[in-house]
Amino acid sequence: MTTSKPVIGFLNPQAYMQDAIADMRNRLDVRILTPETWDAAEIDDVVTHCQAEGIQAVAGFAQKDAFHHILINERLGNPTISRLAFLYCMNKYLMRTLEADPFWFAPIDPLSESDDDIIAKIAEWPFMLKNTSLSLGRGIFKVKTPDDLRAVLADYRADTALQDLIAFQNETFSKGIPAEQIPPVVPPFIAEHLVDMNTAIEYCYEGYITATGEVVHYALTEEVYFSNHQALGYLTPPLSLSAEQTSQIEAWVNDYMGRMSDLGYHNQFFNLEFWIMPDGTIALTEINPRAAHSYHYNYVYSFGSSLFEDNLSLVADGGKLPDTPWRKWRAGEDHNYTLIVLITAKQTGQVSDILNYAYVDHLEQNEGILIRHTKQRNDTLTAGDMTAAGAMLQQIWITGRTAQELIAKEREIRAKIYLQAQEGSDYPDYWVA
């Protein structure tokens with residue numbers, strides 16, 4: 001099939017992305033690709049298919065797609081992230097070693113260090129202990145005492161399946177990296193400073209690096225939390241930061257991502273999460289080697305920008321984008337406020353007994369509000385579904401001309417959507433309509 005449009009592969013799209021893909025097809029020939037593993041034979045098949053169909057480049061937006069993005073694009077002859085840069089992005093310890101002025105952190109390896117050896121490393125109590133490879137909030141612990149630490153370490157030493165998974169990932173991501181470039185320490189855990197979420201504000205930053213290594217600023221979103229530190233939602237553009245304060249962020253991103261660029265991070269978006277501390281300094285939370293797909297509609301509703309299309313266009317030609325939400329925001333151009341409302345639950349049981357699905361249906365069918373169903377109404381939540389923040393049930397996109405209009409809608413939704421009252425969700429002082 002011949003086409004005058006660029007032919008691009010979209011890796012493993014989710015159901016809620018279909019409207020965005022339909023819109024992109026007015027300008028791009030978007031083909032859906034669904035690789036499941038990193039196995040060499042499967043990658044060979046995908047590359048052969050791309051070559052036969054004239055697919056120029058591919059892009060994925062979920063964490064599981066990030067390595068496929070590299071494996072396929074490098075075989076298609078496109079500039080992409082080096083294996084070394086990807087390894088740094090996929091390990092919470094390695095990524096922190098690139099910070100110019102990090103807060104306290106230390107590598108932890110329960111299989112080669114004793115409890116006493118590890119306890120001797122801890123410079124601050126309480127502290128955060130994080131598995132360096134897991135995502136989605138798994139394997140993160142607030143450790144208050146040495147006894148707490150011993151319990152977590154014992155659980156890890158007994159979990160051979162997790163040990164095997166971490167070893168497999170590290171071995172896979174390290175293939176093709178010259179031995180002399182492999183970092184001497186790639187630990188399964190990192191101990192680090194515990195950030196006071198009552199005083200620090202967390203942001204999610206989107207940017208990309210061109211094929212020639214230029215860092216380009218794309219967008220910024222504020223992470224809004226309840227007073228118990230549970231996430232409320234993701235707000236674009238931020239309320240707690242003015243556009244005039246962004247020069248410091250640009251300088252920090254240029255420094256940090258410049259180091260990533262030196263490692264070979266090219267021709268791809270990146271997603272940075274960082275805190276702005278009470279004294280105004282910036283501290284890395286983590287980096288993801290991809291665009292964060294959830295924010296696509298934030299940028300569409302707030303600024304008219306398509307993250308999916310911009311990413312697909314970037315990998316196809318390696319050039320600069322025509323415009324960005326960041327530039328529009330900094331220039332003071334007209335925009336909306338957009339929030340991803342996070343609907344979670346901390347109790348087990350059938351989801352339809354927790355949420356009011358008559359109201360959910362009304363939001364979708366009568367108000368035309370986009371909802372991503374991470375759990376379905378007939379699903380049953382078990383203890384295994386729970387993270388520290390509970391279980392994610394839905395993400396709901398709402399938008400308003402003013403922040404106050406947006407806040408009023410969020411509070412209305414949260415008041416009506418639950419059949420069972422949710423404890424500990426006290427709003428922050430500034431979340432007032």
# chains A, B, ... in the order shown; residues from 1 in each chain; ligands from 1
call {"tool": "residues_around", "arguments": {"residues": "Ala22 of chain A", "least_positions_apart": "6", "cutoff": "12 Å", "atoms": "only C-alpha atoms", "output": "ChimeraX atom specification"}}
result
/A:13,15-16,28-32,308-309
call {"tool": "write_last_selection", "arguments": {"atoms": "C-alpha atoms", "output": "compact mmCIF listing (two decimals), in the first residue's frame"}}
result
# COMPACT_ATOMS: atom_id res chain seq x y z
CA PRO A 13 -1.43 1.56 22.08
CA ALA A 15 -7.75 1.62 24.33
CA TYR A 16 -8.06 5.21 25.55
CA LEU A 28 0.49 10.36 9.44
CA ASP A 29 0.06 6.79 8.25
CA VAL A 30 0.00 5.20 11.71
CA ARG A 31 0.45 1.41 11.86
CA ILE A 32 -0.17 -0.52 15.07
CA PHE A 308 1.92 11.32 20.43
CA GLU A 309 2.25 12.96 17.04
call {"tool": "residues_around", "arguments": {"residues": "Leu111 of chain A", "least_positions_apart": "6", "cutoff": "12 Å", "atoms": "only C-alpha atoms", "output": "list in words"}}
result
Asp117, Ile118, Leu153, Ala154, Asp155, Tyr156, Arg157, Ala158, Asp159, Thr160, Gln163, Pro187, Pro188 and Phe189 of chain A
call {"tool": "write_last_selection", "arguments": {"atoms": "all heavy atoms", "output": "CSV table (one decimal), in the first residue's frame"}}
result
chain,number,residue,atom,x,y,z
A,117,ASP,N,26.2,-4.4,57.6
A,117,ASP,CA,26.9,-3.6,56.6
A,117,ASP,C,26.0,-2.5,56.0
A,117,ASP,O,26.4,-1.3,55.9
A,117,ASP,CB,27.4,-4.5,55.4
A,117,ASP,CG,28.5,-5.4,55.9
A,117,ASP,OD1,29.2,-5.1,56.8
A,117,ASP,OD2,28.7,-6.4,55.2
A,118,ILE,N,24.7,-2.9,55.7
A,118,ILE,CA,23.8,-1.9,55.1
A,118,ILE,C,23.4,-0.9,56.2
A,118,ILE,O,23.3,0.3,55.8
A,118,ILE,CB,22.6,-2.7,54.6
A,118,ILE,CG1,23.0,-3.6,53.4
A,118,ILE,CG2,21.5,-1.8,54.2
A,118,ILE,CD1,21.9,-4.6,52.9
A,153,LEU,N,14.8,-6.4,53.9
A,153,LEU,CA,15.9,-7.1,53.3
A,153,LEU,C,15.7,-8.6,53.4
A,153,LEU,O,16.0,-9.3,52.4
A,153,LEU,CB,17.2,-6.8,54.1
A,153,LEU,CG,17.6,-5.3,54.0
A,153,LEU,CD1,18.9,-5.1,54.9
A,153,LEU,CD2,17.9,-4.9,52.6
A,154,ALA,N,15.0,-9.1,54.4
A,154,ALA,CA,14.7,-10.5,54.5
A,154,ALA,C,13.7,-11.0,53.5
A,154,ALA,O,13.9,-12.0,52.8
A,154,ALA,CB,14.2,-10.9,55.9
A,155,ASP,N,12.7,-10.1,53.2
A,155,ASP,CA,11.7,-10.4,52.2
A,155,ASP,C,12.4,-10.5,50.8
A,155,ASP,O,12.1,-11.4,50.0
A,155,ASP,CB,10.6,-9.3,52.2
A,155,ASP,CG,9.7,-9.4,53.4
A,155,ASP,OD1,9.7,-10.5,54.0
A,155,ASP,OD2,9.0,-8.5,53.6
A,156,TYR,N,13.3,-9.6,50.5
A,156,TYR,CA,14.0,-9.6,49.2
A,156,TYR,C,14.8,-10.8,49.1
A,156,TYR,O,14.8,-11.5,48.0
A,156,TYR,CB,14.8,-8.4,49.1
A,156,TYR,CG,15.6,-8.4,47.8
A,156,TYR,CD1,15.0,-8.2,46.5
A,156,TYR,CD2,17.0,-8.6,47.8
A,156,TYR,CE1,15.7,-8.2,45.3
A,156,TYR,CE2,17.7,-8.7,46.6
A,156,TYR,CZ,17.0,-8.5,45.4
A,156,TYR,OH,17.7,-8.6,44.2
A,157,ARG,N,15.6,-11.2,50.1
A,157,ARG,CA,16.5,-12.4,50.0
A,157,ARG,C,15.7,-13.7,49.8
A,157,ARG,O,16.2,-14.6,49.2
A,157,ARG,CB,17.3,-12.5,51.3
A,157,ARG,CG,18.4,-11.3,51.4
A,157,ARG,CD,19.2,-11.5,52.7
A,157,ARG,NE,20.2,-10.5,52.8
A,157,ARG,CZ,20.2,-9.6,53.8
A,157,ARG,NH1,19.3,-9.7,54.8
A,157,ARG,NH2,21.1,-8.6,53.9
A,158,ALA,N,14.4,-13.7,50.3
A,158,ALA,CA,13.6,-14.9,50.1
A,158,ALA,C,12.8,-14.9,48.7
A,158,ALA,O,12.3,-15.9,48.4
A,158,ALA,CB,12.6,-14.9,51.2
A,159,ASP,N,12.8,-13.7,48.1
A,159,ASP,CA,12.1,-13.6,46.8
A,159,ASP,C,13.0,-13.9,45.6
A,159,ASP,O,13.4,-13.0,44.9
A,159,ASP,CB,11.5,-12.2,46.7
A,159,ASP,CG,10.4,-12.1,45.6
A,159,ASP,OD1,10.4,-13.0,44.7
A,159,ASP,OD2,9.6,-11.1,45.7
A,160,THR,N,13.2,-15.2,45.3
A,160,THR,CA,14.1,-15.5,44.2
A,160,THR,C,13.5,-15.1,42.9
A,160,THR,O,14.3,-14.8,41.9
A,160,THR,CB,14.4,-17.0,44.3
A,160,THR,OG1,13.2,-17.7,44.2
A,160,THR,CG2,15.2,-17.4,45.5
A,163,GLN,N,14.5,-11.6,42.3
A,163,GLN,CA,16.0,-11.5,42.1
A,163,GLN,C,16.3,-11.9,40.6
A,163,GLN,O,17.1,-11.3,39.9
A,163,GLN,CB,16.7,-12.4,43.0
A,163,GLN,CG,16.6,-12.0,44.5
A,163,GLN,CD,17.1,-13.1,45.4
A,163,GLN,OE1,17.8,-14.0,45.0
A,163,GLN,NE2,16.6,-13.1,46.7
A,187,PRO,N,23.1,-1.6,41.5
A,187,PRO,CA,22.5,-2.3,42.7
A,187,PRO,C,21.0,-2.5,42.5
A,187,PRO,O,20.3,-1.8,41.7
A,187,PRO,CB,22.7,-1.3,43.8
A,187,PRO,CG,22.7,0.0,43.1
A,187,PRO,CD,23.3,-0.2,41.8
A,188,PRO,N,20.4,-3.5,43.2
A,188,PRO,CA,19.0,-3.7,43.2
A,188,PRO,C,18.2,-2.7,44.0
A,188,PRO,O,16.9,-2.6,43.8
A,188,PRO,CB,18.8,-5.1,43.7
A,188,PRO,CG,20.0,-5.3,44.6
A,188,PRO,CD,21.1,-4.5,44.0
A,189,PHE,N,18.8,-2.1,45.0
A,189,PHE,CA,18.1,-1.1,45.8
A,189,PHE,C,19.0,0.2,46.0
A,189,PHE,O,20.2,0.2,45.8
A,189,PHE,CB,17.8,-1.6,47.2
A,189,PHE,CG,16.7,-2.6,47.3
A,189,PHE,CD1,16.9,-4.0,47.1
A,189,PHE,CD2,15.4,-2.2,47.5
A,189,PHE,CE1,15.9,-4.9,47.2
A,189,PHE,CE2,14.4,-3.1,47.6
A,189,PHE,CZ,14.6,-4.4,47.4
call {"tool": "closest_residue", "arguments": {"among": "A:Gln365, A:Asn356, A:Gln169, A:Thr387", "to": "Leu419 of chain A", "atoms": "only C-alpha atoms"}}
result
A:Asn356
call {"tool": "atom_distance", "arguments": {"atom1": "atom CA of Lys409 of chain A", "atom2": "atom CA of His373 of chain A"}}
result
19.2 Å
call {"tool": "closest_residue", "arguments": {"among": "A:Gly213, A:Pro146, A:Pro325, A:Pro178", "to": "Gly304 of chain A", "atoms": "only C-alpha atoms"}}
result
A:Pro325
call {"tool": "closest_residue", "arguments": {"among": "A:Tyr203, A:Leu11, A:Phe61, A:Glu192", "to": "Pro107 of chain A", "atoms": "only C-alpha atoms"}}
result
A:Glu192
call {"tool": "select_by_dssp", "arguments": {"residues": "segment 146-273 of chain A", "states": "alpha helix (DSSP H)", "output": "ChimeraX atom specification"}}
result
/A:146-158,160-174,246-262
call {"tool": "residues_around", "arguments": {"residues": "segment 219-226 of chain A", "least_positions_apart": "5", "cutoff": "7 Å", "atoms": "only C-alpha atoms", "output": "VMD selection string"}}
result
chain A and resid 202 to 207 231 to 238 325 to 326 425 to 428
call {"tool": "closest_residue", "arguments": {"among": "A:Met260, A:Leu84, A:Leu312, A:Val195", "to": "Arg27 of chain A", "atoms": "only C-alpha atoms"}}
result
A:Leu312
call {"tool": "residues_around", "arguments": {"residues": "Glu36 of chain A", "least_positions_apart": "2", "cutoff": "9 Å", "atoms": "only C-alpha atoms", "output": "PDB file with N, CA and C atoms, in the first residue's frame"}}
result
ATOM      1  N   ASN A  12       2.067  -0.820  20.817  1.00  0.00           N
ATOM      2  CA  ASN A  12       1.163  -1.251  21.885  1.00  0.00           C
ATOM      3  C   ASN A  12       0.275  -0.137  22.431  1.00  0.00           C
ATOM      4  N   THR A  34       2.527  -4.653  17.889  1.00  0.00           N
ATOM      5  CA  THR A  34       2.279  -5.186  19.239  1.00  0.00           C
ATOM      6  C   THR A  34       3.341  -6.194  19.666  1.00  0.00           C
ATOM      7  N   TRP A  38      11.304  -9.094  24.257  1.00  0.00           N
ATOM      8  CA  TRP A  38      12.548  -8.567  23.691  1.00  0.00           C
ATOM      9  C   TRP A  38      13.338  -9.679  22.997  1.00  0.00           C
ATOM     10  N   ASP A  39      12.716 -10.820  22.813  1.00  0.00           N
ATOM     11  CA  ASP A  39      13.387 -11.958  22.187  1.00  0.00           C
ATOM     12  C   ASP A  39      13.868 -11.595  20.786  1.00  0.00           C
ATOM     13  N   GLU A  42      11.596 -12.458  17.803  1.00  0.00           N
ATOM     14  CA  GLU A  42      10.415 -11.606  17.649  1.00  0.00           C
ATOM     15  C   GLU A  42      10.804 -10.232  17.096  1.00  0.00           C
ATOM     16  N   LYS A  64       7.002  -0.490  29.360  1.00  0.00           N
ATOM     17  CA  LYS A  64       7.343  -1.777  28.739  1.00  0.00           C
ATOM     18  C   LYS A  64       7.722  -1.626  27.272  1.00  0.00           C
ATOM     19  N   ASP A  65       7.331  -0.493  26.651  1.00  0.00           N
ATOM     20  CA  ASP A  65       7.639  -0.277  25.236  1.00  0.00           C
ATOM     21  C   ASP A  65       8.983   0.416  25.018  1.00  0.00           C
ATOM     22  N   HIS A  68      11.656  -1.760  23.414  1.00  0.00           N
ATOM     23  CA  HIS A  68      11.263  -2.059  22.031  1.00  0.00           C
ATOM     24  C   HIS A  68      11.575  -0.877  21.114  1.00  0.00           C
TER      25      HIS A  68
END
